[in-house]
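See below for the structure under consideration.
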Amino acid sequence: MKILDRYIITTFLKTFFPLFIIIMFILLLQTIWLFITELAGKDLDFSVIMKFLVYAMPRLFPMVLPLTILLTSVMIFGSFAENYEFAAMKSSGISLQRAMGKLSVLVLFMGIGAFIFSNTLMPAAEKRFINLRKNIVKVKPAMVITPNQFNDLGDINIKISEKYGDNDQFLRDVIIHKKAVRPGNFTVIKAADGELKGNEDSDLVTLILNDGNHYEEVQQNSYKKRKKLPFTKTYFKKYVLNIDLSELGDVDIDAQQHSKGYNMLDVRELKQEIDTISGIINRDLKGMSRQLGIRIGYEGLNKNIKIDTVKKASKDTIQLLDRFKTEEKIKIYQIASSNVDAVLKKIESTYDNRLRRKRVLNKYELSLHSKYVLGISCILLFFVGAPLGAIIRKGGMGLPMVVGVGLYLTFHFIGIFAKNSAEEDGIPVFMGSWLSTFIIFPLSIFLTYRAATDQRLMNFDIIIQPIKKFFSKASSKSKK
């Protein structure tokens with residue numbers, strides 16, 4: 001490797017790694033702020049918090065790496081141009097393409113490494129991150145009672161309006177839904193206030209409720225009695241409820257129970273899942289078509305009859321209903337109406353199921369494309385940043401940082417809007433995944449060409465010269 005190539009690569013890496021750490025730290029602080037409610041008040045060990053941060057880092061990688069490459073390339077090439085190092089290179093016969101050659105190879109390997117990272121480490125880290133979050137919620141469930149929302153606590157769902165007291169043991173405006181074997185909320189308890197009492201050596205928590213009512217739906221065997229919706233209502237002055245937390249207290253922080261999310265799979269697993277969901281969607285559509293054909297009688301028709309062999313009717317319409325009595329006509333209309341309603345409901349339910357599954361399928365396809373987009377975007381953003389730095393001829397943390405962040409935010413927001421639209425099936429998934437990359441590709445070619453030919457970012461003379469000519473002609477005419 002020549003001294004010039006070694007110098008450029010060394011300068012790039014010296015700027016790249018500190019910038020990468022700074023951007024990762026900033027986004028990590030944002031992640032902590034986003035999930036602060038899941039960490040605060042749980043008395044978690046330091047090791048658990050460190051695991052949370054370590055597992056959260058890889059999910060920030062798709063934002064940190066492209067932004068770091070863009071900013072680094074703008075900063076160092078702008079510094080080269082500002083310090084007349086490019087002028088020295090050109091006077092020695094070294095072009096911009098030659099100066100970017102070995103560094104382009106390094107960025108190419110970075111793009112390949114980004115794809116490998118997103119295909120291996122990111123799904124594993126995402127799996128551990130999701131499971132760790134779900135396990136943290138189960139730690140010390142008495143602390144999970146958040147005001148103004150239902151909280152899962154043992155065999156009840158509890159909602160309160162306020163917690164107060166030295167240890168937040170007193171509760172106000174308590175609503176409890178007791179869990180049952182059959183689905184539904186059949187037992188509801190409301191109380192004006194309550195108190196939580198517990199013992200550190202016991203898995204039982206005692207909830208004492210004051211001034212409330214106990215509602216319970218009565219399940220009847222008879223359908224007629226069930227339609228009357230019978231229930232019992234009991235007023236109480238004091239109600240004691242024991243909650244068993246033995247199962248919730250024994251939580252394995254490292255348990256891995258969830259592993260089927262679209263962000264937890266590699267390329268091979270994503271392709272298998274996409275094929276499975278696509279097969280389910282196609283099978284449901286074929287099943288609906290077959291059922292509708294049977295219901296409307298299409299399946300029973302003789303489809304082998306040739307059109308030429310069927311005799312033409314003497315009239316345009318055949319009045320079949322004239323052959324039936326009024327009562328029979330009413331029954332026919334009722335049957336036809338019920339069949340139409342059944343067909344419409346079947347179509348609506350199938351459409352809703354297909355729409356729901358299509359959204360899930362779009363998420364899996366977007367996750368698959370994003371692994372390839374990450375590597376390609378890193379390479380293209382380098383070919384945007386390097387020539388842009390050479391054109392603006394400004395290094396350091398000032399103008400290059402502003403220009404780089406502005407470019408990346410535009411690139412990032414276009415990608416987010418396109419992905420959201422593709423997820424809702426507004427645009428094709430392929431277009432939603434690659435739209436921002438397709439936009440940045442011609443920009444990278446344009447900037448590289450302008451920098452290689454030593455031209456400014458925009459040639460404003462094309463716009464200014466006609467305006468000058470117009471005003472000079474107008475002024476000469478006025479003088480005459």
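By order of appearance in the structure tokens: chains A, B, ..., then residues from 1 within every chain, and ligands from 1 in the order shown.
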Set the distance at 12 Å and use only C-alpha atoms: which residues neighbour range 233-239 of chain A once local chain neighbours fewer than 3 positions away are removed? I'd like the list as a PDB file with N, CA, C and O atoms, in the first residue's frame.
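Contents of around-v2.pdb, freshly written:
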```
ATOM      1  N   PHE A 186     -66.238 -11.398  33.743  1.00  0.00           N
ATOM      2  CA  PHE A 186     -67.520 -11.740  34.373  1.00  0.00           C
ATOM      3  C   PHE A 186     -67.596 -11.291  35.824  1.00  0.00           C
ATOM      4  O   PHE A 186     -68.665 -11.276  36.404  1.00  0.00           O
ATOM      5  N   THR A 187     -66.442 -10.928  36.410  1.00  0.00           N
ATOM      6  CA  THR A 187     -66.425 -10.470  37.800  1.00  0.00           C
ATOM      7  C   THR A 187     -65.681  -9.149  37.869  1.00  0.00           C
ATOM      8  O   THR A 187     -64.516  -9.066  37.472  1.00  0.00           O
ATOM      9  N   VAL A 188     -66.356  -8.117  38.344  1.00  0.00           N
ATOM     10  CA  VAL A 188     -65.780  -6.776  38.443  1.00  0.00           C
ATOM     11  C   VAL A 188     -65.950  -6.297  39.871  1.00  0.00           C
ATOM     12  O   VAL A 188     -67.033  -6.418  40.460  1.00  0.00           O
ATOM     13  N   ILE A 189     -64.871  -5.734  40.428  1.00  0.00           N
ATOM     14  CA  ILE A 189     -64.891  -5.183  41.786  1.00  0.00           C
ATOM     15  C   ILE A 189     -64.473  -3.721  41.706  1.00  0.00           C
ATOM     16  O   ILE A 189     -63.441  -3.396  41.119  1.00  0.00           O
ATOM     17  N   LYS A 190     -65.289  -2.855  42.296  1.00  0.00           N
ATOM     18  CA  LYS A 190     -64.983  -1.429  42.345  1.00  0.00           C
ATOM     19  C   LYS A 190     -64.955  -0.996  43.799  1.00  0.00           C
ATOM     20  O   LYS A 190     -65.822  -1.395  44.587  1.00  0.00           O
ATOM     21  N   ALA A 191     -63.954  -0.169  44.139  1.00  0.00           N
ATOM     22  CA  ALA A 191     -63.825   0.304  45.510  1.00  0.00           C
ATOM     23  C   ALA A 191     -63.331   1.747  45.504  1.00  0.00           C
ATOM     24  O   ALA A 191     -62.636   2.183  44.590  1.00  0.00           O
ATOM     25  N   ALA A 192     -63.701   2.481  46.554  1.00  0.00           N
ATOM     26  CA  ALA A 192     -63.292   3.878  46.661  1.00  0.00           C
ATOM     27  C   ALA A 192     -61.801   3.999  46.935  1.00  0.00           C
ATOM     28  O   ALA A 192     -61.128   4.879  46.400  1.00  0.00           O
ATOM     29  N   ASP A 193     -61.267   3.108  47.788  1.00  0.00           N
ATOM     30  CA  ASP A 193     -59.831   3.121  48.081  1.00  0.00           C
ATOM     31  C   ASP A 193     -59.418   1.735  48.542  1.00  0.00           C
ATOM     32  O   ASP A 193     -60.259   0.852  48.768  1.00  0.00           O
ATOM     33  N   GLY A 194     -58.115   1.555  48.690  1.00  0.00           N
ATOM     34  CA  GLY A 194     -57.584   0.263  49.105  1.00  0.00           C
ATOM     35  C   GLY A 194     -56.178   0.408  49.631  1.00  0.00           C
ATOM     36  O   GLY A 194     -55.567   1.487  49.600  1.00  0.00           O
ATOM     37  N   GLU A 195     -55.659  -0.731  50.126  1.00  0.00           N
ATOM     38  CA  GLU A 195     -54.315  -0.756  50.697  1.00  0.00           C
ATOM     39  C   GLU A 195     -53.660  -2.085  50.363  1.00  0.00           C
ATOM     40  O   GLU A 195     -54.281  -3.153  50.463  1.00  0.00           O
ATOM     41  N   THR A 206     -51.702  -9.014  50.156  1.00  0.00           N
ATOM     42  CA  THR A 206     -53.075  -8.806  50.612  1.00  0.00           C
ATOM     43  C   THR A 206     -53.537  -7.422  50.161  1.00  0.00           C
ATOM     44  O   THR A 206     -52.886  -6.413  50.448  1.00  0.00           O
ATOM     45  N   LEU A 207     -54.663  -7.406  49.473  1.00  0.00           N
ATOM     46  CA  LEU A 207     -55.266  -6.161  49.002  1.00  0.00           C
ATOM     47  C   LEU A 207     -56.561  -5.935  49.774  1.00  0.00           C
ATOM     48  O   LEU A 207     -57.500  -6.735  49.676  1.00  0.00           O
ATOM     49  N   ILE A 208     -56.597  -4.894  50.587  1.00  0.00           N
ATOM     50  CA  ILE A 208     -57.772  -4.565  51.404  1.00  0.00           C
ATOM     51  C   ILE A 208     -58.519  -3.425  50.725  1.00  0.00           C
ATOM     52  O   ILE A 208     -57.974  -2.324  50.540  1.00  0.00           O
ATOM     53  N   LEU A 209     -59.776  -3.675  50.344  1.00  0.00           N
ATOM     54  CA  LEU A 209     -60.604  -2.697  49.654  1.00  0.00           C
ATOM     55  C   LEU A 209     -61.674  -2.170  50.591  1.00  0.00           C
ATOM     56  O   LEU A 209     -62.233  -2.927  51.410  1.00  0.00           O
ATOM     57  N   ASN A 210     -62.016  -0.908  50.462  1.00  0.00           N
ATOM     58  CA  ASN A 210     -63.005  -0.259  51.327  1.00  0.00           C
ATOM     59  C   ASN A 210     -64.079   0.413  50.480  1.00  0.00           C
ATOM     60  O   ASN A 210     -63.782   1.010  49.444  1.00  0.00           O
ATOM     61  N   ASP A 211     -65.326   0.292  50.945  1.00  0.00           N
ATOM     62  CA  ASP A 211     -66.483   0.999  50.349  1.00  0.00           C
ATOM     63  C   ASP A 211     -66.567   0.739  48.843  1.00  0.00           C
ATOM     64  O   ASP A 211     -66.194   1.572  48.016  1.00  0.00           O
ATOM     65  N   GLY A 212     -67.080  -0.441  48.488  1.00  0.00           N
ATOM     66  CA  GLY A 212     -67.164  -0.768  47.075  1.00  0.00           C
ATOM     67  C   GLY A 212     -68.298  -1.717  46.761  1.00  0.00           C
ATOM     68  O   GLY A 212     -69.145  -2.035  47.609  1.00  0.00           O
ATOM     69  N   ASN A 213     -68.330  -2.179  45.535  1.00  0.00           N
ATOM     70  CA  ASN A 213     -69.357  -3.104  45.047  1.00  0.00           C
ATOM     71  C   ASN A 213     -68.692  -4.245  44.306  1.00  0.00           C
ATOM     72  O   ASN A 213     -67.646  -4.072  43.654  1.00  0.00           O
ATOM     73  N   HIS A 214     -69.343  -5.401  44.400  1.00  0.00           N
ATOM     74  CA  HIS A 214     -68.873  -6.616  43.738  1.00  0.00           C
ATOM     75  C   HIS A 214     -69.928  -7.020  42.715  1.00  0.00           C
ATOM     76  O   HIS A 214     -71.071  -7.330  43.058  1.00  0.00           O
ATOM     77  N   TYR A 215     -69.551  -6.984  41.422  1.00  0.00           N
ATOM     78  CA  TYR A 215     -70.480  -7.349  40.339  1.00  0.00           C
ATOM     79  C   TYR A 215     -70.037  -8.690  39.751  1.00  0.00           C
ATOM     80  O   TYR A 215     -68.842  -8.920  39.517  1.00  0.00           O
ATOM     81  N   GLU A 216     -71.024  -9.534  39.470  1.00  0.00           N
ATOM     82  CA  GLU A 216     -70.699 -10.832  38.852  1.00  0.00           C
ATOM     83  C   GLU A 216     -71.843 -11.263  37.949  1.00  0.00           C
ATOM     84  O   GLU A 216     -73.022 -11.264  38.366  1.00  0.00           O
ATOM     85  N   GLU A 217     -71.514 -11.598  36.707  1.00  0.00           N
ATOM     86  CA  GLU A 217     -72.516 -12.087  35.766  1.00  0.00           C
ATOM     87  C   GLU A 217     -72.859 -13.534  36.098  1.00  0.00           C
ATOM     88  O   GLU A 217     -71.961 -14.348  36.339  1.00  0.00           O
ATOM     89  N   VAL A 218     -74.137 -13.830  36.074  1.00  0.00           N
ATOM     90  CA  VAL A 218     -74.623 -15.175  36.378  1.00  0.00           C
ATOM     91  C   VAL A 218     -74.823 -15.919  35.065  1.00  0.00           C
ATOM     92  O   VAL A 218     -75.586 -15.466  34.198  1.00  0.00           O
ATOM     93  N   PRO A 230     -78.479 -11.739  33.380  1.00  0.00           N
ATOM     94  CA  PRO A 230     -78.611 -11.630  34.846  1.00  0.00           C
ATOM     95  C   PRO A 230     -77.245 -11.432  35.510  1.00  0.00           C
ATOM     96  O   PRO A 230     -76.223 -11.898  35.027  1.00  0.00           O
ATOM     97  N   ASN A 242     -56.567 -11.847  48.548  1.00  0.00           N
ATOM     98  CA  ASN A 242     -55.193 -12.359  48.573  1.00  0.00           C
ATOM     99  C   ASN A 242     -54.745 -12.688  47.157  1.00  0.00           C
ATOM    100  O   ASN A 242     -55.433 -13.405  46.422  1.00  0.00           O
TER     101      ASN A 242
END
```
List as JSON lines every residue of range 12-69 of chain A that is in contact with range 371-385 of chain A, defined as an atom at most 10 Å from one of its atoms (using only C-alpha atoms), together with the nearest atom pair and the distance in Å rounded to one decimal, sorted by chain and then rising number.
```
{"residue": "A:Phe61", "atom": "CA", "partner": "A:Leu374", "partner_atom": "CA", "distance": 9.4}
{"residue": "A:Pro62", "atom": "CA", "partner": "A:Leu374", "partner_atom": "CA", "distance": 6.4}
{"residue": "A:Met63", "atom": "CA", "partner": "A:Leu374", "partner_atom": "CA", "distance": 9.0}
{"residue": "A:Leu65", "atom": "CA", "partner": "A:Cys378", "partner_atom": "CA", "distance": 7.2}
{"residue": "A:Pro66", "atom": "CA", "partner": "A:Cys378", "partner_atom": "CA", "distance": 4.9}
{"residue": "A:Leu67", "atom": "CA", "partner": "A:Leu381", "partner_atom": "CA", "distance": 8.2}
{"residue": "A:Thr68", "atom": "CA", "partner": "A:Cys378", "partner_atom": "CA", "distance": 9.2}
{"residue": "A:Ile69", "atom": "CA", "partner": "A:Phe382", "partner_atom": "CA", "distance": 6.0}
```
What does the structure give for the distance between CA of Asn83 in chain A and CA of Ser444 in chain A, in Å to one decimal?
23.8 Å
Have a look at A:Ile76, A:Lys163, A:Met264, A:Pro400 and name the one nearest to Thr15 in chain A; count only C-alpha atoms.
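Smallest separation from Thr15 in chain A among the options: A:Ile76.
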Using only C-alpha atoms: which of A:Phe20, A:Tyr351, A:Phe413, A:Tyr364 has the shortest distance to Leu60 in chain A:
A:Phe20
CA of Phe115 in chain A and CA of Val402 in chain A are how many Å apart?
27.7 Å
What is the distance, in Å and to one decimal place, between CA of Met401 in chain A and CA of Ile439 in chain A?
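Straight-line distance from CA of Met401 in chain A to CA of Ile439 in chain A works out to 21.1 Å.
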Excluding Met57 in chain A and any residue of its chain fewer than 5 positions from it, enumerate the residues within 9 Å of it, using only C-alpha atoms, and give them as a PDB file with all heavy atoms, in the first residue's frame.
```
ATOM      1  N   MET A  24     -23.455   6.715  18.464  1.00  0.00           N
ATOM      2  CA  MET A  24     -24.054   5.577  19.160  1.00  0.00           C
ATOM      3  C   MET A  24     -24.447   5.961  20.576  1.00  0.00           C
ATOM      4  O   MET A  24     -25.526   5.575  21.069  1.00  0.00           O
ATOM      5  CB  MET A  24     -23.072   4.408  19.175  1.00  0.00           C
ATOM      6  CG  MET A  24     -23.562   3.180  19.936  1.00  0.00           C
ATOM      7  SD  MET A  24     -25.023   2.397  19.178  1.00  0.00           S
ATOM      8  CE  MET A  24     -24.246   1.541  17.804  1.00  0.00           C
ATOM      9  N   LEU A  27     -27.692   8.188  20.467  1.00  0.00           N
ATOM     10  CA  LEU A  27     -28.893   7.394  20.181  1.00  0.00           C
ATOM     11  C   LEU A  27     -29.200   6.414  21.308  1.00  0.00           C
ATOM     12  O   LEU A  27     -30.367   6.079  21.548  1.00  0.00           O
ATOM     13  CB  LEU A  27     -28.719   6.645  18.863  1.00  0.00           C
ATOM     14  CG  LEU A  27     -28.643   7.528  17.604  1.00  0.00           C
ATOM     15  CD1 LEU A  27     -28.474   6.679  16.363  1.00  0.00           C
ATOM     16  CD2 LEU A  27     -29.880   8.403  17.478  1.00  0.00           C
ATOM     17  N   LEU A  28     -28.156   5.962  22.008  1.00  0.00           N
ATOM     18  CA  LEU A  28     -28.386   5.066  23.141  1.00  0.00           C
ATOM     19  C   LEU A  28     -29.064   5.797  24.289  1.00  0.00           C
ATOM     20  O   LEU A  28     -29.929   5.239  24.976  1.00  0.00           O
ATOM     21  CB  LEU A  28     -27.058   4.467  23.603  1.00  0.00           C
ATOM     22  CG  LEU A  28     -27.129   3.198  24.466  1.00  0.00           C
ATOM     23  CD1 LEU A  28     -27.844   2.091  23.717  1.00  0.00           C
ATOM     24  CD2 LEU A  28     -25.741   2.743  24.867  1.00  0.00           C
ATOM     25  N   PHE A  52     -29.369  -4.828  28.966  1.00  0.00           N
ATOM     26  CA  PHE A  52     -30.372  -4.069  28.218  1.00  0.00           C
ATOM     27  C   PHE A  52     -29.705  -3.136  27.219  1.00  0.00           C
ATOM     28  O   PHE A  52     -30.112  -3.048  26.055  1.00  0.00           O
ATOM     29  CB  PHE A  52     -31.237  -3.277  29.203  1.00  0.00           C
ATOM     30  CG  PHE A  52     -32.360  -2.514  28.575  1.00  0.00           C
ATOM     31  CD1 PHE A  52     -33.599  -3.097  28.385  1.00  0.00           C
ATOM     32  CD2 PHE A  52     -32.186  -1.199  28.158  1.00  0.00           C
ATOM     33  CE1 PHE A  52     -34.636  -2.404  27.789  1.00  0.00           C
ATOM     34  CE2 PHE A  52     -33.213  -0.492  27.568  1.00  0.00           C
ATOM     35  CZ  PHE A  52     -34.443  -1.092  27.388  1.00  0.00           C
ATOM     36  N   ALA A 125     -29.518 -10.295  18.686  1.00  0.00           N
ATOM     37  CA  ALA A 125     -29.629  -9.239  19.700  1.00  0.00           C
ATOM     38  C   ALA A 125     -31.069  -8.775  19.873  1.00  0.00           C
ATOM     39  O   ALA A 125     -31.518  -8.511  21.000  1.00  0.00           O
ATOM     40  CB  ALA A 125     -28.731  -8.067  19.311  1.00  0.00           C
TER      41      ALA A 125
END
```
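For Leu96 in chain A, the non-local neighbours within 8 Å, defined as residues at least 5 positions apart in the same chain or in other chains and counting only C-alpha atoms, are A:Phe86, A:Lys90, A:Ala451, A:Ala452.
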Contacts of Asn263 in chain A within 9 Å, only C-alpha atoms, excl. fewer than 4 positions in-chain, as an MDAnalysis selection string:
chainID A and resid 122:123 126:127 363:364 367
Looking at only C-alpha atoms, which of A:Ile176, A:Val405, A:Leu29, A:Ala114 is the one that sits closest to Ile156 in chain A?
A:Ile176
